[in-house]
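Structure, as structure tokens:
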Amino acid sequence: MQFVAAQGIRDATVLEIGGGVGEIQLELLRLGAGRVTNLEITSNYEAEAERLIAQAGAGGRITRRQLDIARSSDQVEAADVVILHRVVCCYPDYQRLLSAAGSHARRMLVFSHPGDNLPAKAAIWFENVLRRVRGNSFRAYAHSAAAMVAAAEAQGLAAEYKQRSGAWHVVGLVRRSQEEVESTER
């Protein structure tokens, strides 16, 4: 959040992919964002999200849709800020997801991911084994941090912020100017 707030979000449009019940969306509205759209691939969070939105009085400023941006990116409008918090590790094709997210970020893209190290990979493997034993089909993924950043940067973004927050790492990327894009292509 601190990276997003430091970049300035007054009246910005925000697209959160996999925002769950919407805590980050409500916080960004409190910080000055103008409108927020949340995309989910499941309807599991909707009842609680609607309760929180009503409680905050933010009903006219938040749109919630059930849609997979990686598969239907043409059905999503671009936004000033795109956020994926603890989402990329839940999606098997990080490149497709981050490419779609990055192409929709007019100003910045922020995403978090588990550490790219042996303990994190072992924890994800163990959690997946437990899920399989319990009959749960959900799987988490330990994608390469460098490859995830590269997928986002391929959309004309530049990583300007990296922070570790416990087991999670946060990456903030900003849209490069046309001059910056041209100078790197030479």
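Labels used: A, B, ... for chains in the order of the structure tokens, numbers from 1 for residues in each chain, and numbers from 1 for ligands as shown.
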
Exercise for the section: Mind checking which residues fall within 8 Å of A:Gln25, counting only C-alpha atoms, ignoring those fewer than 3 positions away in the same chain, and posting them as a PyMOL selection string? Expected result: chain A and resi 14+16+19+22+28-29+36+38+62

Please provide as a PDB file with C-alpha atoms, in the first residue's frame all residues within 9 Å of A:Arg64, with the sequence filter that same-chain residues fewer than 3 positions apart are discarded (counting only C-alpha atoms).
ATOM      1  CA  VAL A  36     -12.381   0.441  -7.894  1.00  0.00           C
ATOM      2  CA  THR A  37     -13.201  -2.647  -9.920  1.00  0.00           C
ATOM      3  CA  ASN A  38     -12.613  -6.095  -8.430  1.00  0.00           C
ATOM      4  CA  LEU A  39     -12.338  -9.231 -10.551  1.00  0.00           C
ATOM      5  CA  GLU A  40     -12.867 -12.679  -9.057  1.00  0.00           C
ATOM      6  CA  GLU A  46     -19.540 -11.797  -2.604  1.00  0.00           C
ATOM      7  CA  ALA A  49     -17.858  -8.103   0.228  1.00  0.00           C
TER       8      ALA A  49
END

Problem - Every residue of stretch 12-155 of chain A that DSSP places in alpha helix (DSSP H), as a VMD selection string - result: chain A and resid 23 to 30 46 to 56 94 to 103 118 to 133 145 to 153

Exercise for the section: Considering only C-alpha atoms, return as an MDAnalysis selection string whatever protein or nucleic-acid residues lie within 7 Å of A:Leu109, sequence-local ones (same chain, fewer than 5 positions apart) excluded. Expected result: chainID A and resid 81:83 102 172:174

Please produce a file of the residues just selected, as a PDB file, in the first residue's frame, where the atoms kept are N, CA and C atoms.
ATOM      1  N   VAL A  81      -4.275   2.032 -11.709  1.00  0.00           N
ATOM      2  CA  VAL A  81      -3.541   1.154 -10.800  1.00  0.00           C
ATOM      3  C   VAL A  81      -4.134  -0.251 -10.893  1.00  0.00           C
ATOM      4  N   VAL A  82      -3.275  -1.256 -11.039  1.00  0.00           N
ATOM      5  CA  VAL A  82      -3.716  -2.652 -11.037  1.00  0.00           C
ATOM      6  C   VAL A  82      -2.992  -3.364  -9.895  1.00  0.00           C
ATOM      7  N   ILE A  83      -3.763  -4.103  -9.096  1.00  0.00           N
ATOM      8  CA  ILE A  83      -3.220  -4.774  -7.917  1.00  0.00           C
ATOM      9  C   ILE A  83      -3.580  -6.258  -7.933  1.00  0.00           C
ATOM     10  N   GLY A 102      -0.634  -6.387 -16.525  1.00  0.00           N
ATOM     11  CA  GLY A 102       0.261  -5.306 -16.932  1.00  0.00           C
ATOM     12  C   GLY A 102      -0.262  -4.502 -18.100  1.00  0.00           C
ATOM     13  N   GLY A 172       6.432  -3.390  -7.101  1.00  0.00           N
ATOM     14  CA  GLY A 172       5.701  -2.269  -7.670  1.00  0.00           C
ATOM     15  C   GLY A 172       6.352  -1.853  -8.973  1.00  0.00           C
ATOM     16  N   LEU A 173       5.558  -1.791 -10.020  1.00  0.00           N
ATOM     17  CA  LEU A 173       6.064  -1.411 -11.338  1.00  0.00           C
ATOM     18  C   LEU A 173       5.302  -0.187 -11.831  1.00  0.00           C
ATOM     19  N   VAL A 174       5.992   0.681 -12.562  1.00  0.00           N
ATOM     20  CA  VAL A 174       5.351   1.869 -13.125  1.00  0.00           C
ATOM     21  C   VAL A 174       5.459   1.833 -14.644  1.00  0.00           C
TER      22      VAL A 174
END

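If you measure from each of A:Gly156, A:Gly34, A:Asp80, A:Asp93 to A:Gly60 using only C-alpha atoms, the closest one turns out to be A:Gly34.
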
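As for atom CA of A:Ala78 and atom CA of A:Thr13, they are spaced 8.6 Å apart.
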
Practice task
Using backbone DSSP assignments, extract all strand (DSSP E) residues from stretch 24-143 of chain A; output them as a count of residues only.
Solution key: 27
